[in-house]
file structure-v1.csv (CSV, C-alpha atoms)
chain,number,residue,atom,x,y,z
C,1,MET,CA,-89.5,51.6,-23.5
C,2,SER,CA,-86.7,49.8,-25.4
C,3,GLN,CA,-84.5,51.6,-27.9
C,4,HIS,CA,-85.5,51.4,-31.5
C,5,LYS,CA,-83.0,51.3,-34.4
C,6,CYS,CA,-83.5,51.0,-38.1
C,7,GLU,CA,-81.3,50.8,-41.2
C,8,LEU,CA,-83.1,51.3,-44.5
C,9,ASN,CA,-82.1,49.9,-47.9
C,10,PHE,CA,-80.1,47.2,-46.1
C,11,LEU,CA,-80.4,44.8,-49.0
C,12,SER,CA,-79.2,46.0,-52.4
C,13,ARG,CA,-81.3,43.7,-54.6
C,14,SER,CA,-84.8,44.4,-53.1
C,15,ASP,CA,-87.1,47.3,-53.9
C,16,GLY,CA,-87.1,48.2,-50.2
C,17,SER,CA,-85.7,46.8,-47.0
C,18,ALA,CA,-85.3,47.6,-43.3
C,19,LEU,CA,-83.2,46.1,-40.5
C,20,TYR,CA,-85.2,46.9,-37.4
C,21,SER,CA,-84.5,46.3,-33.8
C,22,ILE,CA,-86.4,46.8,-30.6
C,23,GLY,CA,-84.1,46.2,-27.7
C,24,ASN,CA,-82.4,42.9,-28.4
C,25,THR,CA,-85.0,41.7,-30.9
C,26,VAL,CA,-83.9,42.2,-34.5
C,27,ALA,CA,-85.9,41.6,-37.8
C,28,LEU,CA,-84.9,42.1,-41.4
C,29,ALA,CA,-87.8,42.9,-43.8
C,30,SER,CA,-87.5,42.9,-47.6
C,31,VAL,CA,-90.2,44.1,-50.1
C,32,ASN,CA,-90.3,43.4,-53.8
C,33,GLY,CA,-93.0,44.6,-56.2
C,34,PRO,CA,-95.4,45.3,-57.6
C,35,GLY,CA,-94.0,42.8,-60.1
C,36,ASP,CA,-94.8,39.9,-62.2
C,37,THR,CA,-96.3,36.8,-60.6
C,38,LYS,CA,-97.2,33.3,-61.7
C,39,LYS,CA,-100.5,32.8,-63.4
C,40,SER,CA,-102.2,31.1,-60.5
C,41,ASN,CA,-101.6,34.2,-58.3
C,42,ARG,CA,-102.8,36.8,-60.8
C,43,LEU,CA,-105.9,38.6,-59.7
C,44,TYR,CA,-107.8,40.7,-62.1
C,45,ASN,CA,-108.7,43.5,-59.6
C,46,ARG,CA,-105.8,43.7,-57.2
C,47,SER,CA,-102.2,42.7,-56.4
C,48,HIS,CA,-101.4,39.3,-54.8
C,49,LEU,CA,-99.9,40.0,-51.4
C,50,ASP,CA,-97.4,37.4,-50.2
C,51,VAL,CA,-95.9,37.5,-46.7
C,52,CYS,CA,-93.2,35.1,-45.6
C,53,TYR,CA,-91.9,35.0,-42.1
C,54,SER,CA,-88.8,32.9,-41.0
C,55,PRO,CA,-87.6,32.4,-37.4
C,56,CYS,CA,-83.9,33.0,-36.5
C,57,THR,CA,-83.3,29.2,-36.1
C,58,GLY,CA,-85.0,26.1,-37.5
C,59,GLN,CA,-88.1,25.8,-39.7
C,60,PRO,CA,-91.3,27.8,-39.3
C,61,MET,CA,-93.7,25.9,-37.1
C,62,ILE,CA,-97.4,26.6,-36.1
C,63,GLY,CA,-96.5,29.6,-33.9
C,64,GLU,CA,-94.5,31.2,-36.7
C,65,ARG,CA,-97.3,30.6,-39.3
C,66,ALA,CA,-99.8,32.2,-36.9
C,67,LEU,CA,-97.5,35.2,-36.5
C,68,GLU,CA,-97.1,35.3,-40.3
C,69,ALA,CA,-100.8,35.4,-40.7
C,70,ILE,CA,-101.2,38.3,-38.3
C,71,ILE,CA,-98.6,40.3,-40.1
C,72,ALA,CA,-100.2,39.5,-43.5
C,73,ARG,CA,-103.7,40.6,-42.3
C,74,THR,CA,-102.2,43.8,-40.9
C,75,ILE,CA,-100.3,44.7,-44.1
C,76,GLU,CA,-103.3,43.9,-46.3
C,77,GLN,CA,-105.4,46.5,-44.6
C,78,VAL,CA,-103.1,49.4,-45.5
C,79,VAL,CA,-101.5,48.5,-48.8
C,80,LEU,CA,-103.5,49.8,-51.8
C,81,VAL,CA,-103.5,46.5,-53.6
C,82,HIS,CA,-106.2,47.6,-56.1
C,83,LEU,CA,-103.7,50.0,-57.8
C,84,HIS,CA,-101.7,47.2,-59.4
C,85,PRO,CA,-103.9,44.3,-60.6
C,86,ARG,CA,-102.3,41.1,-62.0
C,87,THR,CA,-99.1,41.7,-60.0
C,88,ALA,CA,-97.6,40.6,-56.7
C,89,ILE,CA,-96.1,42.3,-53.7
C,90,ASN,CA,-93.7,40.1,-51.8
C,91,VAL,CA,-92.9,40.9,-48.1
C,92,THR,CA,-90.2,38.6,-46.6
C,93,ILE,CA,-89.3,38.9,-42.9
C,94,GLN,CA,-86.3,37.2,-41.4
C,95,GLU,CA,-86.0,37.2,-37.6
C,96,MET,CA,-82.3,37.8,-36.9
C,97,GLN,CA,-82.4,37.8,-33.1
C,98,SER,CA,-85.1,37.2,-30.6
C,99,ASP,CA,-85.8,38.6,-27.1
C,100,GLY,CA,-89.6,38.3,-26.9
C,101,LEU,CA,-90.7,41.0,-29.3
C,102,ALA,CA,-90.8,39.1,-32.6
C,103,LEU,CA,-94.3,40.3,-33.6
C,104,SER,CA,-94.0,44.0,-32.9
C,105,THR,CA,-90.4,44.1,-34.4
C,106,SER,CA,-91.5,42.3,-37.5
C,107,VAL,CA,-94.5,44.5,-38.1
C,108,ASN,CA,-92.5,47.7,-37.7
C,109,ALA,CA,-89.7,46.3,-39.9
C,110,ALA,CA,-92.4,45.5,-42.6
C,111,CYS,CA,-93.8,49.0,-42.4
C,112,MET,CA,-90.4,50.7,-42.8
C,113,ALA,CA,-89.5,48.3,-45.7
C,114,LEU,CA,-92.8,49.2,-47.5
C,115,MET,CA,-92.1,52.9,-47.1
C,116,ASP,CA,-88.5,52.3,-48.3
C,117,ALA,CA,-90.0,50.6,-51.4
C,118,ALA,CA,-92.5,53.4,-51.9
C,119,ILE,CA,-95.4,51.0,-51.9
C,120,GLN,CA,-98.7,53.0,-51.8
C,121,MET,CA,-100.5,52.7,-48.5
C,122,ASN,CA,-103.6,54.4,-47.1
C,123,ASN,CA,-101.8,54.7,-43.7
C,124,ILE,CA,-98.6,53.8,-42.0
C,125,PHE,CA,-98.7,51.5,-38.9
C,126,ALA,CA,-96.7,50.6,-35.8
C,127,ALA,CA,-96.9,47.8,-33.3
C,128,VAL,CA,-96.3,48.0,-29.5
C,129,THR,CA,-96.1,45.0,-27.2
C,130,CYS,CA,-96.8,45.1,-23.4
C,131,CYS,CA,-97.0,42.5,-20.7
C,132,ILE,CA,-98.9,42.4,-17.3
C,133,THR,CA,-97.1,41.0,-14.2
C,134,GLY,CA,-98.8,39.2,-11.4
C,135,ASP,CA,-99.0,42.5,-9.5
C,136,ASP,CA,-100.9,44.1,-12.4
C,137,ILE,CA,-97.9,46.2,-13.5
C,138,ILE,CA,-97.9,46.9,-17.2
C,139,LYS,CA,-94.5,46.8,-18.9
C,140,ILE,CA,-94.0,48.3,-22.4
C,141,GLU,CA,-91.7,46.3,-24.7
C,142,PRO,CA,-90.6,43.7,-22.2
C,143,THR,CA,-87.8,41.3,-22.5
C,144,GLU,CA,-88.3,37.6,-23.1
C,145,ALA,CA,-87.6,36.9,-19.4
C,146,GLU,CA,-90.2,39.4,-18.3
C,147,ILE,CA,-92.7,37.9,-20.7
C,148,LYS,CA,-92.2,34.4,-19.2
C,149,GLU,CA,-92.9,35.8,-15.8
C,150,SER,CA,-96.0,37.7,-16.9
C,151,VAL,CA,-99.7,36.6,-16.8
C,152,ALA,CA,-100.6,38.0,-20.2
C,153,VAL,CA,-99.0,39.6,-23.2
C,154,ALA,CA,-100.7,42.0,-25.7
C,155,THR,CA,-99.6,43.5,-29.0
C,156,PHE,CA,-101.4,46.4,-30.6
C,157,VAL,CA,-100.9,47.7,-34.1
C,158,PHE,CA,-101.9,51.3,-34.6
C,159,GLU,CA,-102.5,53.5,-37.6
C,160,GLY,CA,-100.4,56.6,-37.9
C,161,LEU,CA,-103.4,58.8,-38.4
C,162,GLY,CA,-105.5,59.0,-35.2
C,163,LEU,CA,-103.7,56.1,-33.5
C,164,LYS,CA,-106.7,53.8,-34.2
C,165,VAL,CA,-106.2,50.1,-33.6
C,166,LEU,CA,-105.5,48.2,-36.8
C,167,SER,CA,-105.1,44.8,-35.2
C,168,ALA,CA,-104.5,43.3,-31.8
C,169,HIS,CA,-103.0,40.0,-30.5
C,170,GLN,CA,-103.3,38.7,-27.0
C,171,GLU,CA,-101.9,35.7,-25.1
C,172,GLY,CA,-103.3,35.1,-21.6
C,173,ARG,CA,-106.4,36.4,-19.9
C,174,LEU,CA,-107.2,40.1,-19.4
C,175,ASN,CA,-110.2,41.7,-17.9
C,176,GLU,CA,-111.7,44.7,-19.7
C,177,GLU,CA,-110.2,47.3,-17.3
C,178,THR,CA,-106.7,45.9,-17.7
C,179,PHE,CA,-107.1,45.6,-21.4
C,180,GLN,CA,-108.1,49.2,-21.7
C,181,SER,CA,-105.1,50.2,-19.5
C,182,CYS,CA,-102.8,48.2,-21.8
C,183,LEU,CA,-104.3,49.9,-24.9
C,184,SER,CA,-103.9,53.4,-23.5
C,185,LYS,CA,-100.2,52.8,-22.5
C,186,CYS,CA,-99.4,51.3,-25.9
C,187,GLN,CA,-101.0,54.2,-27.7
C,188,ILE,CA,-98.8,56.6,-25.9
C,189,ALA,CA,-95.7,54.5,-26.7
C,190,ALA,CA,-96.9,54.3,-30.4
C,191,LYS,CA,-96.5,58.1,-30.7
C,192,ASP,CA,-92.7,57.7,-30.0
C,193,VAL,CA,-92.5,54.9,-32.6
C,194,PHE,CA,-94.1,57.1,-35.3
C,195,ASN,CA,-91.7,59.9,-34.3
C,196,PHE,CA,-88.9,57.5,-34.8
C,197,TYR,CA,-90.3,56.5,-38.3
C,198,ARG,CA,-90.3,60.2,-39.3
C,199,GLN,CA,-86.8,60.8,-38.1
C,200,THR,CA,-85.5,57.7,-39.9
C,201,MET,CA,-87.2,58.7,-43.2
C,202,GLU,CA,-86.0,62.3,-42.9
C,203,LYS,CA,-82.4,61.1,-42.4
C,204,LYS,CA,-82.7,58.8,-45.4
C,205,TYR,CA,-83.8,61.6,-47.8
C,206,LYS,CA,-81.2,64.0,-46.4
C,207,ASP,CA,-78.5,61.5,-47.0
C,208,ASP,CA,-79.8,61.0,-50.6
C,209,ILE,CA,-79.7,64.7,-51.2
C,210,TYR,CA,-76.2,65.2,-50.0
call {"tool": "encode", "arguments": {"input": "structure-v1.csv", "output": "structure tokens"}}
result
Amino acid sequence: MSQHKCELNFLSRSDGSALYSIGNTVALASVNGPGDTKKSNRLYNRSHLDVCYSPCTGQPMIGERALEAIIARTIEQVVLVHLHPRTAINVTIQEMQSDGLALSTSVNAACMALMDAAIQMNNIFAAVTCCITGDDIIKIEPTEAEIKESVAVATFVFEGLGLKVLSAHQEGRLNEETFQSCLSKCQIAAKDVFNFYRQTMEKKYKDDIY
């Protein structure tokens, strides 16, 4: 499993932010809100959730828009949007450096930024990516080179409570047995990610006290 690093409150003008890295993949997430929004986005019974993802180079294409939609659907399941009607919560994710783990790094950066902004959620979440080689070996958090040589890639997002699957994304073909093996290994890895979350937040509040 690759090393995880995170720096909270990285941006001074956002309500919450996180610079998150998994191995050599780095993403910067920023959260603003709940706040005012334009009239067309005002919903009488909930907040409008806006997620924007930008790649490290060039303009967002179809692949980036698909990744953005996955992140948005994941966040929308946990944020308590009904608490702040007629407002907007804006989540902006900028990929800083890529080595094959853009989705899981972006999801984890978004979760840490939401916690840093004190956005109310019914659960925290963490993503883990794995790939399957031609020899049916499962590698957790592979590099981009390992992904290119693999036959399939799967990313699972887990809830912090009970490690239930919140969302899943797959590229390539997996039979049921291999899929379950990937799920089990990623669940084990997710425990370490949640432990890292806890350590990061504990350090943040200790630093605030002293």
call {"tool": "residues_around", "arguments": {"input": "structure-v1.csv", "residues": "segment 76-89 of chain C", "least_positions_apart": "4", "cutoff": "9 Å", "atoms": "all atoms listed in the file", "output": "ChimeraX atom specification"}}
result
/C:31-39,41-51,71-72,114,119-125,159,166
call {"tool": "closest_atom_pairs", "arguments": {"input": "structure-v1.csv", "of": "segment 31-135 of chain C", "to": "segment 176-198 of chain C", "cutoff": "7 Å", "atoms": "all atoms listed in the file", "output": "tab-separated table"}}
result
residue	atom	partner	partner_atom	distance
C:Ala126	CA	C:Ala190	CA	6.5
C:Val128	CA	C:Cys186	CA	5.8
C:Cys130	CA	C:Cys182	CA	6.9
call {"tool": "closest_residue", "arguments": {"input": "structure-v1.csv", "among": "C:Cys111, C:Glu95, C:Ile75, C:Ala118", "to": "Gln59 of chain C", "atoms": "all atoms listed in the file"}}
result
C:Glu95
call {"tool": "residues_around", "arguments": {"input": "structure-v1.csv", "residues": "Ala18 of chain C", "least_positions_apart": "4", "cutoff": "7 Å", "atoms": "only C-alpha atoms", "output": "tab-separated table (two decimals) with C-alpha atoms, in the coordinates of the input"}}
result
chain	number	residue	atom	x	y	z
C	6	CYS	CA	-83.50	51.00	-38.10
C	7	GLU	CA	-81.30	50.80	-41.20
C	8	LEU	CA	-83.10	51.30	-44.50
C	9	ASN	CA	-82.10	49.90	-47.90
C	10	PHE	CA	-80.10	47.20	-46.10
C	28	LEU	CA	-84.90	42.10	-41.40
C	29	ALA	CA	-87.80	42.90	-43.80
C	30	SER	CA	-87.50	42.90	-47.60
C	109	ALA	CA	-89.70	46.30	-39.90
C	112	MET	CA	-90.40	50.70	-42.80
C	113	ALA	CA	-89.50	48.30	-45.70
call {"tool": "closest_atom_pairs", "arguments": {"input": "structure-v1.csv", "of": "segment 47-90 of chain C", "to": "segment 100-107 of chain C", "cutoff": "12 Å", "atoms": "all atoms listed in the file", "output": "Markdown table"}}
result
| residue | atom | partner | partner_atom | distance |
| --- | --- | --- | --- | --- |
| C:Val51 | CA | C:Val107 | CA | 11.2 |
| C:Cys52 | CA | C:Ser106 | CA | 11.0 |
| C:Tyr53 | CA | C:Ser106 | CA | 8.6 |
| C:Ser54 | CA | C:Ser106 | CA | 10.4 |
| C:Pro55 | CA | C:Ala102 | CA | 8.8 |
| C:Cys56 | CA | C:Ala102 | CA | 10.0 |
| C:Gly63 | CA | C:Leu103 | CA | 10.9 |
| C:Glu64 | CA | C:Leu103 | CA | 9.6 |
| C:Arg65 | CA | C:Leu103 | CA | 11.6 |
| C:Ala66 | CA | C:Leu103 | CA | 10.3 |
| C:Leu67 | CA | C:Leu103 | CA | 6.7 |
| C:Glu68 | CA | C:Leu103 | CA | 8.8 |
| C:Ala69 | CA | C:Leu103 | CA | 10.8 |
| C:Ile70 | CA | C:Leu103 | CA | 8.6 |
| C:Ile71 | CA | C:Val107 | CA | 6.2 |
| C:Ala72 | CA | C:Val107 | CA | 9.3 |
| C:Arg73 | CA | C:Val107 | CA | 10.8 |
| C:Thr74 | CA | C:Val107 | CA | 8.2 |
| C:Ile75 | CA | C:Val107 | CA | 8.3 |
call {"tool": "atom_distance", "arguments": {"input": "structure-v1.csv", "atom1": "atom CA of Glu146 of chain C", "atom2": "atom CA of Ile132 of chain C"}}
result
9.3 Å
